[in-house]
>>> print(open('query.cif').read())   # mmCIF, C-alpha atoms
data_final
loop_
_atom_site.group_PDB
_atom_site.id
_atom_site.type_symbol
_atom_site.label_atom_id
_atom_site.label_comp_id
_atom_site.auth_asym_id
_atom_site.auth_seq_id
_atom_site.Cartn_x
_atom_site.Cartn_y
_atom_site.Cartn_z
ATOM 1 C CA MET A 14 -22.415 41.100 18.337
ATOM 2 C CA ASN A 15 -21.787 37.875 20.291
ATOM 3 C CA PHE A 16 -21.600 39.869 23.512
ATOM 4 C CA ILE A 17 -25.012 41.434 22.843
ATOM 5 C CA LYS A 18 -26.497 38.083 21.812
ATOM 6 C CA ASN A 19 -25.186 36.326 24.907
ATOM 7 C CA ASN A 20 -26.247 39.040 27.351
ATOM 8 C CA LEU A 21 -29.461 40.521 25.954
ATOM 9 C CA ALA A 22 -31.626 38.130 27.986
ATOM 10 C CA ASN A 23 -29.577 38.899 31.110
ATOM 11 C CA ALA A 24 -30.107 42.630 30.547
ATOM 12 C CA ILE A 25 -33.875 42.024 30.363
ATOM 13 C CA THR A 26 -33.671 40.040 33.613
ATOM 14 C CA LEU A 27 -31.860 42.942 35.276
ATOM 15 C CA GLY A 28 -34.662 45.175 34.018
ATOM 16 C CA ASN A 29 -37.066 42.920 35.898
ATOM 17 C CA LEU A 30 -34.954 43.364 39.028
ATOM 18 C CA PHE A 31 -34.829 47.152 38.628
ATOM 19 C CA SER A 32 -38.593 47.301 38.164
ATOM 20 C CA GLY A 33 -39.061 45.188 41.290
ATOM 21 C CA CYS A 34 -36.817 47.503 43.321
ATOM 22 C CA VAL A 35 -38.748 50.583 42.181
ATOM 23 C CA GLY A 36 -42.049 48.837 42.897
ATOM 24 C CA ALA A 37 -40.944 47.913 46.424
ATOM 25 C CA VAL A 38 -39.884 51.493 47.199
ATOM 26 C CA HIS A 39 -43.220 52.902 46.031
ATOM 27 C CA LEU A 40 -45.133 50.297 48.036
ATOM 28 C CA ILE A 41 -43.238 51.363 51.171
ATOM 29 C CA LEU A 42 -44.152 54.974 50.369
ATOM 30 C CA GLY A 43 -47.821 54.008 49.957
ATOM 31 C CA ASP A 44 -47.964 54.502 46.194
ATOM 32 C CA TYR A 45 -49.512 51.125 45.387
ATOM 33 C CA GLN A 46 -50.592 52.181 41.887
ATOM 34 C CA THR A 47 -46.988 52.702 40.749
ATOM 35 C CA THR A 48 -46.137 49.366 42.375
ATOM 36 C CA ALA A 49 -48.859 47.736 40.264
ATOM 37 C CA ILE A 50 -47.277 49.170 37.099
ATOM 38 C CA CYS A 51 -43.853 47.897 38.197
ATOM 39 C CA ILE A 52 -45.235 44.403 38.830
ATOM 40 C CA ILE A 53 -46.796 44.327 35.368
ATOM 41 C CA LEU A 54 -43.487 45.450 33.841
ATOM 42 C CA SER A 55 -41.603 42.782 35.820
ATOM 43 C CA LEU A 56 -44.056 40.118 34.618
ATOM 44 C CA VAL A 57 -43.520 41.150 31.001
ATOM 45 C CA LEU A 58 -39.734 41.231 31.372
ATOM 46 C CA ASP A 59 -39.754 37.894 33.228
ATOM 47 C CA PHE A 60 -41.545 36.332 30.275
ATOM 48 C CA PHE A 61 -39.355 37.886 27.622
ATOM 49 C CA ASP A 62 -35.966 37.121 29.182
ATOM 50 C CA GLY A 63 -36.588 33.390 28.797
ATOM 51 C CA PHE A 64 -38.165 33.870 25.369
ATOM 52 C CA VAL A 65 -35.171 35.878 24.134
ATOM 53 C CA ALA A 66 -32.673 33.432 25.639
ATOM 54 C CA ARG A 67 -34.328 30.525 23.823
ATOM 55 C CA ALA A 68 -34.713 32.446 20.554
ATOM 56 C CA LEU A 69 -31.037 33.459 20.539
ATOM 57 C CA LYS A 70 -29.906 30.105 21.951
ATOM 58 C CA ALA A 71 -28.210 32.007 24.747
ATOM 59 C CA ASN A 72 -29.367 29.931 27.727
ATOM 60 C CA SER A 73 -26.751 29.857 30.474
ATOM 61 C CA ASN A 74 -26.298 29.008 34.140
ATOM 62 C CA LEU A 75 -25.676 32.699 34.776
ATOM 63 C CA GLY A 76 -29.045 33.546 33.255
ATOM 64 C CA THR A 77 -30.775 30.930 35.406
ATOM 65 C CA GLN A 78 -29.272 32.354 38.592
ATOM 66 C CA LEU A 79 -29.992 35.962 37.603
ATOM 67 C CA ASP A 80 -33.603 35.079 36.845
ATOM 68 C CA SER A 81 -34.189 33.639 40.323
ATOM 69 C CA LEU A 82 -32.404 36.524 42.038
ATOM 70 C CA ALA A 83 -34.498 39.072 40.139
ATOM 71 C CA ASP A 84 -37.689 37.140 40.863
ATOM 72 C CA MET A 85 -36.795 37.115 44.559
ATOM 73 C CA VAL A 86 -37.298 40.886 44.633
ATOM 74 C CA SER A 87 -40.147 41.309 42.143
ATOM 75 C CA PHE A 88 -42.108 38.215 43.150
ATOM 76 C CA GLY A 89 -40.720 37.412 46.598
ATOM 77 C CA PHE A 90 -40.082 40.618 48.490
ATOM 78 C CA ILE A 91 -42.993 42.609 47.021
ATOM 79 C CA PRO A 92 -45.779 40.155 47.992
ATOM 80 C CA GLY A 93 -44.285 39.848 51.492
ATOM 81 C CA LEU A 94 -44.174 43.622 51.702
ATOM 82 C CA ALA A 95 -47.785 43.850 50.489
ATOM 83 C CA MET A 96 -48.860 41.506 53.286
ATOM 84 C CA PHE A 97 -46.740 43.578 55.715
ATOM 85 C CA LYS A 98 -48.747 46.653 54.661
ATOM 86 C CA MET A 99 -52.061 44.785 54.994
ATOM 87 C CA LEU A 100 -51.203 43.640 58.537
ATOM 88 C CA GLU A 101 -49.717 46.987 59.592
ATOM 89 C CA PRO A 102 -52.971 48.581 60.867
ATOM 90 C CA PHE A 103 -53.414 45.820 63.489
ATOM 91 C CA GLY A 104 -50.219 46.634 65.405
ATOM 92 C CA ASN A 105 -49.436 43.960 67.973
ATOM 93 C CA GLU A 106 -53.045 43.089 68.787
ATOM 94 C CA LEU A 107 -54.669 39.739 67.973
ATOM 95 C CA PHE A 108 -57.959 38.525 69.493
ATOM 96 C CA GLY A 109 -57.748 41.418 71.934
ATOM 97 C CA LEU A 110 -54.372 40.232 73.207
ATOM 98 C CA GLN A 111 -51.242 42.372 73.159
ATOM 99 C CA LEU A 112 -48.444 40.379 71.547
ATOM 100 C CA PRO A 113 -44.743 41.149 72.225
ATOM 101 C CA PHE A 114 -44.244 41.970 68.528
ATOM 102 C CA GLU A 115 -46.158 43.607 65.696
ATOM 103 C CA ILE A 116 -47.896 40.989 63.568
ATOM 104 C CA LYS A 117 -47.082 42.838 60.333
ATOM 105 C CA TYR A 118 -43.652 41.188 60.290
ATOM 106 C CA LEU A 119 -45.319 37.801 59.817
ATOM 107 C CA GLY A 120 -46.203 38.976 56.310
ATOM 108 C CA PHE A 121 -42.608 38.271 55.338
ATOM 109 C CA LEU A 122 -43.286 34.549 55.704
ATOM 110 C CA ILE A 123 -44.404 34.876 52.090
ATOM 111 C CA THR A 124 -40.982 36.261 51.172
ATOM 112 C CA LEU A 125 -39.195 33.426 52.985
ATOM 113 C CA PHE A 126 -41.245 30.729 51.282
ATOM 114 C CA SER A 127 -40.895 32.471 47.916
ATOM 115 C CA CYS A 128 -37.123 32.190 48.338
ATOM 116 C CA LEU A 129 -37.460 28.517 49.244
ATOM 117 C CA ARG A 130 -39.751 27.913 46.263
ATOM 118 C CA LEU A 131 -37.281 29.512 43.827
ATOM 119 C CA ALA A 132 -34.391 27.435 45.204
ATOM 120 C CA ILE A 133 -36.425 24.223 44.932
ATOM 121 C CA PHE A 134 -37.440 25.085 41.358
ATOM 122 C CA ASN A 135 -33.812 25.594 40.320
ATOM 123 C CA LEU A 136 -32.907 22.127 41.593
ATOM 124 C CA ASP A 137 -35.992 20.275 40.392
ATOM 125 C CA GLU A 138 -35.651 18.977 36.814
ATOM 126 C CA GLU A 139 -39.180 17.563 36.909
ATOM 127 C CA GLN A 140 -40.965 20.904 36.478
ATOM 128 C CA LYS A 141 -40.627 21.199 32.723
ATOM 129 C CA TYR A 142 -44.224 21.198 31.501
ATOM 130 C CA TYR A 143 -45.923 21.965 34.806
ATOM 131 C CA PHE A 144 -45.133 23.699 38.087
ATOM 132 C CA LYS A 145 -45.024 21.964 41.449
ATOM 133 C CA GLY A 146 -46.594 24.444 43.808
ATOM 134 C CA LEU A 147 -47.772 27.916 42.878
ATOM 135 C CA ASN A 148 -45.125 29.884 40.989
ATOM 136 C CA THR A 149 -43.963 33.152 42.555
ATOM 137 C CA PRO A 150 -45.362 35.515 39.874
ATOM 138 C CA SER A 151 -48.850 34.000 40.321
ATOM 139 C CA ASN A 152 -48.576 34.250 44.094
ATOM 140 C CA THR A 153 -47.577 37.907 43.741
ATOM 141 C CA ILE A 154 -50.619 38.594 41.583
ATOM 142 C CA LEU A 155 -52.819 36.880 44.188
ATOM 143 C CA VAL A 156 -51.412 38.709 47.231
ATOM 144 C CA PHE A 157 -50.915 42.132 45.689
ATOM 145 C CA GLY A 158 -54.139 41.751 43.677
ATOM 146 C CA LEU A 159 -56.121 41.463 46.911
ATOM 147 C CA PHE A 160 -54.370 44.541 48.308
ATOM 148 C CA TYR A 161 -54.896 46.524 45.091
ATOM 149 C CA ALA A 162 -58.578 45.544 44.722
ATOM 150 C CA PHE A 163 -59.238 46.541 48.338
ATOM 151 C CA LYS A 164 -57.528 49.914 47.910
ATOM 152 C CA GLU A 165 -59.365 50.649 44.665
ATOM 153 C CA THR A 166 -62.851 49.259 45.366
ATOM 154 C CA GLN A 167 -62.935 48.192 49.038
ATOM 155 C CA SER A 168 -63.476 44.619 47.859
ATOM 156 C CA PHE A 169 -62.391 41.674 50.051
ATOM 157 C CA SER A 170 -62.845 43.848 53.155
ATOM 158 C CA PHE A 171 -63.942 40.751 55.098
ATOM 159 C CA LEU A 172 -60.390 39.474 54.642
ATOM 160 C CA LEU A 173 -58.298 42.620 54.862
ATOM 161 C CA GLU A 174 -60.081 44.006 57.913
ATOM 162 C CA ASN A 175 -59.530 40.847 59.949
ATOM 163 C CA ALA A 176 -56.022 40.146 61.241
ATOM 164 C CA PHE A 177 -56.726 36.456 61.898
ATOM 165 C CA PHE A 178 -57.994 35.852 58.351
ATOM 166 C CA LEU A 179 -54.961 37.659 56.924
ATOM 167 C CA LEU A 180 -52.592 35.491 58.964
ATOM 168 C CA ILE A 181 -54.381 32.336 57.805
ATOM 169 C CA PHE A 182 -54.117 33.588 54.229
ATOM 170 C CA THR A 183 -50.406 34.280 54.781
ATOM 171 C CA VAL A 184 -49.823 30.698 55.930
ATOM 172 C CA ILE A 185 -51.788 29.251 52.998
ATOM 173 C CA SER A 186 -50.019 31.525 50.510
ATOM 174 C CA SER A 187 -46.647 30.474 51.930
ATOM 175 C CA TRP A 188 -47.462 26.760 51.947
ATOM 176 C CA ILE A 189 -48.884 26.593 48.453
ATOM 177 C CA LEU A 190 -45.592 27.911 47.037
ATOM 178 C CA ILE A 191 -43.830 24.714 48.097
ATOM 179 C CA SER A 192 -46.818 22.352 47.986
ATOM 180 C CA PRO A 193 -46.762 19.134 45.905
ATOM 181 C CA ILE A 194 -49.822 20.305 43.954
ATOM 182 C CA LYS A 195 -49.124 20.366 40.222
ATOM 183 C CA MET A 196 -49.942 23.671 38.528
ATOM 184 C CA ILE A 197 -50.534 24.372 34.857
ATOM 185 C CA ALA A 198 -47.585 25.861 32.973
ATOM 186 C CA MET A 199 -48.197 27.578 29.640
ATOM 187 C CA LYS A 200 -45.617 25.403 27.907
ATOM 188 C CA PHE A 201 -46.827 23.167 25.103
ATOM 189 C CA LYS A 202 -45.606 19.575 25.094
ATOM 190 C CA SER A 203 -47.670 18.879 21.972
ATOM 191 C CA MET A 204 -50.209 20.705 19.809
ATOM 192 C CA LYS A 205 -52.905 18.038 20.232
ATOM 193 C CA LEU A 206 -56.157 19.548 21.485
ATOM 194 C CA GLN A 207 -56.697 16.873 24.140
ATOM 195 C CA ASP A 208 -53.258 17.547 25.606
ATOM 196 C CA ASN A 209 -54.079 21.217 26.089
ATOM 197 C CA TYR A 210 -57.538 21.121 27.680
ATOM 198 C CA PRO A 211 -56.160 22.434 31.016
ATOM 199 C CA LYS A 212 -54.527 25.433 29.313
ATOM 200 C CA LEU A 213 -57.664 26.202 27.271
ATOM 201 C CA ALA A 214 -59.867 25.965 30.372
ATOM 202 C CA LEU A 215 -57.492 28.285 32.220
ATOM 203 C CA LEU A 216 -57.308 30.817 29.387
ATOM 204 C CA ILE A 217 -61.039 30.975 28.651
ATOM 205 C CA GLY A 218 -62.024 31.068 32.323
ATOM 206 C CA SER A 219 -59.485 33.790 33.143
ATOM 207 C CA ILE A 220 -60.711 35.988 30.308
ATOM 208 C CA LEU A 221 -64.326 35.632 31.475
ATOM 209 C CA ILE A 222 -63.439 36.400 35.111
ATOM 210 C CA LEU A 223 -61.515 39.554 34.161
ATOM 211 C CA ALA A 224 -64.261 40.658 31.745
ATOM 212 C CA ILE A 225 -66.938 40.283 34.417
ATOM 213 C CA PHE A 226 -65.145 41.374 37.593
ATOM 214 C CA LYS A 227 -62.374 43.624 36.180
ATOM 215 C CA ILE A 228 -59.952 44.737 38.981
ATOM 216 C CA VAL A 229 -61.651 42.515 41.543
ATOM 217 C CA GLY A 230 -61.126 39.584 39.185
ATOM 218 C CA ILE A 231 -57.301 39.816 39.317
ATOM 219 C CA PRO A 232 -56.823 37.722 42.482
ATOM 220 C CA MET A 233 -59.841 35.604 41.499
ATOM 221 C CA VAL A 234 -58.008 34.517 38.350
ATOM 222 C CA ILE A 235 -55.217 33.021 40.476
ATOM 223 C CA LEU A 236 -57.740 31.205 42.675
ATOM 224 C CA TYR A 237 -59.337 29.866 39.492
ATOM 225 C CA TYR A 238 -55.868 28.850 38.252
ATOM 226 C CA ILE A 239 -55.301 26.828 41.419
ATOM 227 C CA PHE A 240 -58.784 25.276 41.144
ATOM 228 C CA ILE A 241 -58.340 24.261 37.482
ATOM 229 C CA SER A 242 -54.890 22.883 38.197
ATOM 230 C CA ILE A 243 -56.301 20.664 40.955
ATOM 231 C CA ILE A 244 -59.065 19.408 38.660
ATOM 232 C CA PHE A 245 -56.574 18.452 35.920
ATOM 233 C CA GLN A 246 -53.905 16.972 38.247
ATOM 234 C CA LYS A 247 -53.725 13.665 36.386
ATOM 235 C CA GLN A 248 -53.200 15.356 33.027
ATOM 236 C CA LEU A 249 -50.268 17.450 34.190
ATOM 237 C CA LYS A 250 -47.079 15.537 33.433
#
>>> encode(input="query.cif", output="structure tokens")
Amino acid sequence: MNFIKNNLANAITLGNLFSGCVGAVHLILGDYQTTAICIILSLVLDFFDGFVARALKANSNLGTQLDSLADMVSFGFIPGLAMFKMLEPFGNELFGLQLPFEIKYLGFLITLFSCLRLAIFNLDEEQKYYFKGLNTPSNTILVFGLFYAFKETQSFSFLLENAFFLLIFTVISSWILISPIKMIAMKFKSMKLQDNYPKLALLIGSILILAIFKIVGIPMVILYYIFISIIFQKQLK
């Protein structure tokens, strides 16, 4: 029983990793809808591995390392791969110039900075009740959400049909992962209403955005999350 108790959370984390691997393969094959399902499953498993570890008092250094390694695939490689796919149609052309390489490979800047963000998070003891920089699951929802919304509804075509805009977005997405901007974390330091205004604003606003815009609202929720976090900077501590 102790073995199960001590390793249940780790098994859930490995499930996250497996889901991320399957999602990446299907994205390479062009089956973005299955990738979307895999990302959702990884998000759920990523939440529950920590919840189970705390509930069973089975937190461990092994679990911490496994969590980051799993996230590197599900929320590091997949968003980089999504940007790779978005940049793929442009080949090696930018502003009418023929570059000596295909610009799609620059999409993996997101993967590199996701790795850096996860390493920084593991070493930073300050990020207990807030995040410093955008967390990798949120960045994945933003990047893949744009790709998914475009594929499903042709939304955000102004962005996805312009290589320069996509490269600018790639740089911003990469930077914000390691930025000093404090981001709301859904961890409650106290149950006082005034201490949780940022979380309430985020929750209510996100629900309204998804209710109004549906699929198109998925990446918009992350933009709203960043906006609300900036507004409430002084309250995040």
>>> residues_around(input="query.cif", residues="Gln140 in chain A", least_positions_apart="5", cutoff="10 Å", atoms="only C-alpha atoms", output="short mmCIF file (atom, residue, chain, number, x, y, z; two decimals) with C-alpha atoms, keeping the file's coordinate frame")
data_model
loop_
_atom_site.label_atom_id
_atom_site.label_comp_id
_atom_site.auth_asym_id
_atom_site.auth_seq_id
_atom_site.Cartn_x
_atom_site.Cartn_y
_atom_site.Cartn_z
CA PHE A 134 -37.44 25.08 41.36
CA ASN A 135 -33.81 25.59 40.32
CA LYS A 145 -45.02 21.96 41.45
CA GLY A 146 -46.59 24.44 43.81
CA LYS A 195 -49.12 20.37 40.22
CA MET A 196 -49.94 23.67 38.53
CA ALA A 198 -47.58 25.86 32.97
CA LYS A 250 -47.08 15.54 33.43
#
>>> residues_around(input="query.cif", residues="Ile91 in chain A", least_positions_apart="6", cutoff="9 Å", atoms="all atoms listed in the file", output="PyMOL selection string")
chain A and resi 33-34+36-37+40+48+52+85+124+153+157
>>> closest_atom_pairs(input="query.cif", of="range 169-193 of chain A", to="range 100-112 of chain A", cutoff="8 Å", atoms="all atoms listed in the file", output="tab-separated table")
residue	atom	partner	partner_atom	distance
A:Ala176	CA	A:Leu100	CA	6.5
A:Phe177	CA	A:Leu107	CA	7.2
A:Leu179	CA	A:Leu100	CA	7.2
>>> residues_around(input="query.cif", residues="Asn23 in chain A", least_positions_apart="5", cutoff="9 Å", atoms="all atoms listed in the file", output="number ranges by chain")
A: 28, 62, 66, 75-76, 79-80
>>> closest_residue(input="query.cif", among="A:Leu82, A:Leu159, A:Ile197, A:Leu216", to="Ile243 in chain A", atoms="all atoms listed in the file")
A:Ile197
>>> residues_around(input="query.cif", residues="Ala49 in chain A", least_positions_apart="4", cutoff="8 Å", atoms="all atoms listed in the file", output="list in words")
Gly36, Tyr45, Ile53 and Tyr161 of chain A
>>> atom_distance(input="query.cif", atom1="CA of Leu180 in chain A", atom2="CA of Leu236 in chain A")
17.6 Å
>>> closest_residue(input="query.cif", among="A:Tyr142, A:Ser127, A:Val156, A:Ile50", to="Leu190 in chain A", atoms="only C-alpha atoms")
A:Ser127
>>> atom_distance(input="query.cif", atom1="CA of Cys128 in chain A", atom2="CA of Ser187 in chain A")
10.3 Å
>>> atom_distance(input="query.cif", atom1="CA of Tyr118 in chain A", atom2="CA of Val229 in chain A")
26.0 Å
>>> decode(input="query.cif", residues="range 75-87 of chain A", atoms="all heavy atoms", output="PDB file, in the first residue's frame")
ATOM      1  N   LEU A  75      11.632  13.482  -6.450  1.00  0.00           N
ATOM      2  CA  LEU A  75      11.427  12.722  -7.683  1.00  0.00           C
ATOM      3  C   LEU A  75      10.179  13.221  -8.405  1.00  0.00           C
ATOM      4  O   LEU A  75      10.189  13.419  -9.630  1.00  0.00           O
ATOM      5  CB  LEU A  75      11.284  11.227  -7.364  1.00  0.00           C
ATOM      6  CG  LEU A  75      10.922  10.320  -8.550  1.00  0.00           C
ATOM      7  CD1 LEU A  75      12.016  10.368  -9.611  1.00  0.00           C
ATOM      8  CD2 LEU A  75      10.693   8.888  -8.077  1.00  0.00           C
ATOM      9  N   GLY A  76       9.109  13.427  -7.652  1.00  0.00           N
ATOM     10  CA  GLY A  76       7.871  13.915  -8.246  1.00  0.00           C
ATOM     11  C   GLY A  76       8.037  15.284  -8.879  1.00  0.00           C
ATOM     12  O   GLY A  76       7.501  15.556  -9.963  1.00  0.00           O
ATOM     13  N   THR A  77       8.799  16.153  -8.227  1.00  0.00           N
ATOM     14  CA  THR A  77       9.056  17.493  -8.756  1.00  0.00           C
ATOM     15  C   THR A  77       9.778  17.423 -10.095  1.00  0.00           C
ATOM     16  O   THR A  77       9.431  18.117 -11.055  1.00  0.00           O
ATOM     17  CB  THR A  77       9.892  18.319  -7.761  1.00  0.00           C
ATOM     18  OG1 THR A  77       9.172  18.425  -6.526  1.00  0.00           O
ATOM     19  CG2 THR A  77      10.180  19.698  -8.302  1.00  0.00           C
ATOM     20  N   GLN A  78      10.800  16.564 -10.165  1.00  0.00           N
ATOM     21  CA  GLN A  78      11.567  16.430 -11.404  1.00  0.00           C
ATOM     22  C   GLN A  78      10.726  15.794 -12.508  1.00  0.00           C
ATOM     23  O   GLN A  78      10.767  16.222 -13.666  1.00  0.00           O
ATOM     24  CB  GLN A  78      12.835  15.597 -11.147  1.00  0.00           C
ATOM     25  CG  GLN A  78      13.803  16.221 -10.159  1.00  0.00           C
ATOM     26  CD  GLN A  78      14.200  17.636 -10.529  1.00  0.00           C
ATOM     27  OE1 GLN A  78      14.492  17.918 -11.699  1.00  0.00           O
ATOM     28  NE2 GLN A  78      14.221  18.530  -9.555  1.00  0.00           N
ATOM     29  N   LEU A  79       9.959  14.766 -12.163  1.00  0.00           N
ATOM     30  CA  LEU A  79       9.101  14.112 -13.153  1.00  0.00           C
ATOM     31  C   LEU A  79       8.072  15.089 -13.725  1.00  0.00           C
ATOM     32  O   LEU A  79       7.790  15.085 -14.927  1.00  0.00           O
ATOM     33  CB  LEU A  79       8.369  12.922 -12.519  1.00  0.00           C
ATOM     34  CG  LEU A  79       9.138  11.611 -12.387  1.00  0.00           C
ATOM     35  CD1 LEU A  79       8.277  10.574 -11.679  1.00  0.00           C
ATOM     36  CD2 LEU A  79       9.578  11.095 -13.748  1.00  0.00           C
ATOM     37  N   ASP A  80       7.535  15.931 -12.856  1.00  0.00           N
ATOM     38  CA  ASP A  80       6.517  16.886 -13.281  1.00  0.00           C
ATOM     39  C   ASP A  80       7.073  17.830 -14.346  1.00  0.00           C
ATOM     40  O   ASP A  80       6.436  18.081 -15.373  1.00  0.00           O
ATOM     41  CB  ASP A  80       6.019  17.679 -12.070  1.00  0.00           C
ATOM     42  CG  ASP A  80       4.814  18.552 -12.413  1.00  0.00           C
ATOM     43  OD1 ASP A  80       3.771  17.989 -12.803  1.00  0.00           O
ATOM     44  OD2 ASP A  80       4.919  19.789 -12.305  1.00  0.00           O
ATOM     45  N   SER A  81       8.267  18.357 -14.110  1.00  0.00           N
ATOM     46  CA  SER A  81       8.878  19.275 -15.078  1.00  0.00           C
ATOM     47  C   SER A  81       9.233  18.566 -16.382  1.00  0.00           C
ATOM     48  O   SER A  81       9.063  19.122 -17.472  1.00  0.00           O
ATOM     49  CB  SER A  81      10.135  19.913 -14.485  1.00  0.00           C
ATOM     50  OG  SER A  81       9.797  20.797 -13.442  1.00  0.00           O
ATOM     51  N   LEU A  82       9.727  17.339 -16.273  1.00  0.00           N
ATOM     52  CA  LEU A  82      10.094  16.588 -17.477  1.00  0.00           C
ATOM     53  C   LEU A  82       8.870  16.265 -18.319  1.00  0.00           C
ATOM     54  O   LEU A  82       8.909  16.322 -19.556  1.00  0.00           O
ATOM     55  CB  LEU A  82      10.844  15.311 -17.084  1.00  0.00           C
ATOM     56  CG  LEU A  82      12.238  15.530 -16.477  1.00  0.00           C
ATOM     57  CD1 LEU A  82      12.777  14.233 -15.876  1.00  0.00           C
ATOM     58  CD2 LEU A  82      13.198  16.066 -17.530  1.00  0.00           C
ATOM     59  N   ALA A  83       7.765  15.919 -17.663  1.00  0.00           N
ATOM     60  CA  ALA A  83       6.520  15.649 -18.387  1.00  0.00           C
ATOM     61  C   ALA A  83       5.988  16.925 -19.025  1.00  0.00           C
ATOM     62  O   ALA A  83       5.563  16.931 -20.193  1.00  0.00           O
ATOM     63  CB  ALA A  83       5.480  15.051 -17.427  1.00  0.00           C
ATOM     64  N   ASP A  84       6.032  18.023 -18.269  1.00  0.00           N
ATOM     65  CA  ASP A  84       5.555  19.303 -18.788  1.00  0.00           C
ATOM     66  C   ASP A  84       6.383  19.769 -19.984  1.00  0.00           C
ATOM     67  O   ASP A  84       5.888  20.469 -20.865  1.00  0.00           O
ATOM     68  CB  ASP A  84       5.594  20.370 -17.694  1.00  0.00           C
ATOM     69  CG  ASP A  84       4.478  20.201 -16.676  1.00  0.00           C
ATOM     70  OD1 ASP A  84       3.613  19.316 -16.868  1.00  0.00           O
ATOM     71  OD2 ASP A  84       4.458  20.959 -15.680  1.00  0.00           O
ATOM     72  N   MET A  85       7.651  19.387 -20.008  1.00  0.00           N
ATOM     73  CA  MET A  85       8.523  19.795 -21.113  1.00  0.00           C
ATOM     74  C   MET A  85       7.999  19.267 -22.445  1.00  0.00           C
ATOM     75  O   MET A  85       8.104  19.936 -23.481  1.00  0.00           O
ATOM     76  CB  MET A  85       9.944  19.281 -20.841  1.00  0.00           C
ATOM     77  CG  MET A  85      10.980  19.739 -21.838  1.00  0.00           C
ATOM     78  SD  MET A  85      11.042  21.527 -21.989  1.00  0.00           S
ATOM     79  CE  MET A  85      11.299  21.684 -23.735  1.00  0.00           C
ATOM     80  N   VAL A  86       7.398  18.087 -22.425  1.00  0.00           N
ATOM     81  CA  VAL A  86       6.820  17.527 -23.651  1.00  0.00           C
ATOM     82  C   VAL A  86       5.427  18.104 -23.906  1.00  0.00           C
ATOM     83  O   VAL A  86       5.160  18.658 -24.972  1.00  0.00           O
ATOM     84  CB  VAL A  86       6.748  15.992 -23.576  1.00  0.00           C
ATOM     85  CG1 VAL A  86       6.042  15.428 -24.807  1.00  0.00           C
ATOM     86  CG2 VAL A  86       8.146  15.397 -23.463  1.00  0.00           C
ATOM     87  N   SER A  87       4.555  17.988 -22.912  1.00  0.00           N
ATOM     88  CA  SER A  87       3.156  18.393 -23.086  1.00  0.00           C
ATOM     89  C   SER A  87       2.996  19.892 -23.272  1.00  0.00           C
ATOM     90  O   SER A  87       2.161  20.348 -24.061  1.00  0.00           O
ATOM     91  CB  SER A  87       2.334  17.944 -21.876  1.00  0.00           C
ATOM     92  OG  SER A  87       2.387  16.542 -21.723  1.00  0.00           O
TER      93      SER A  87
END
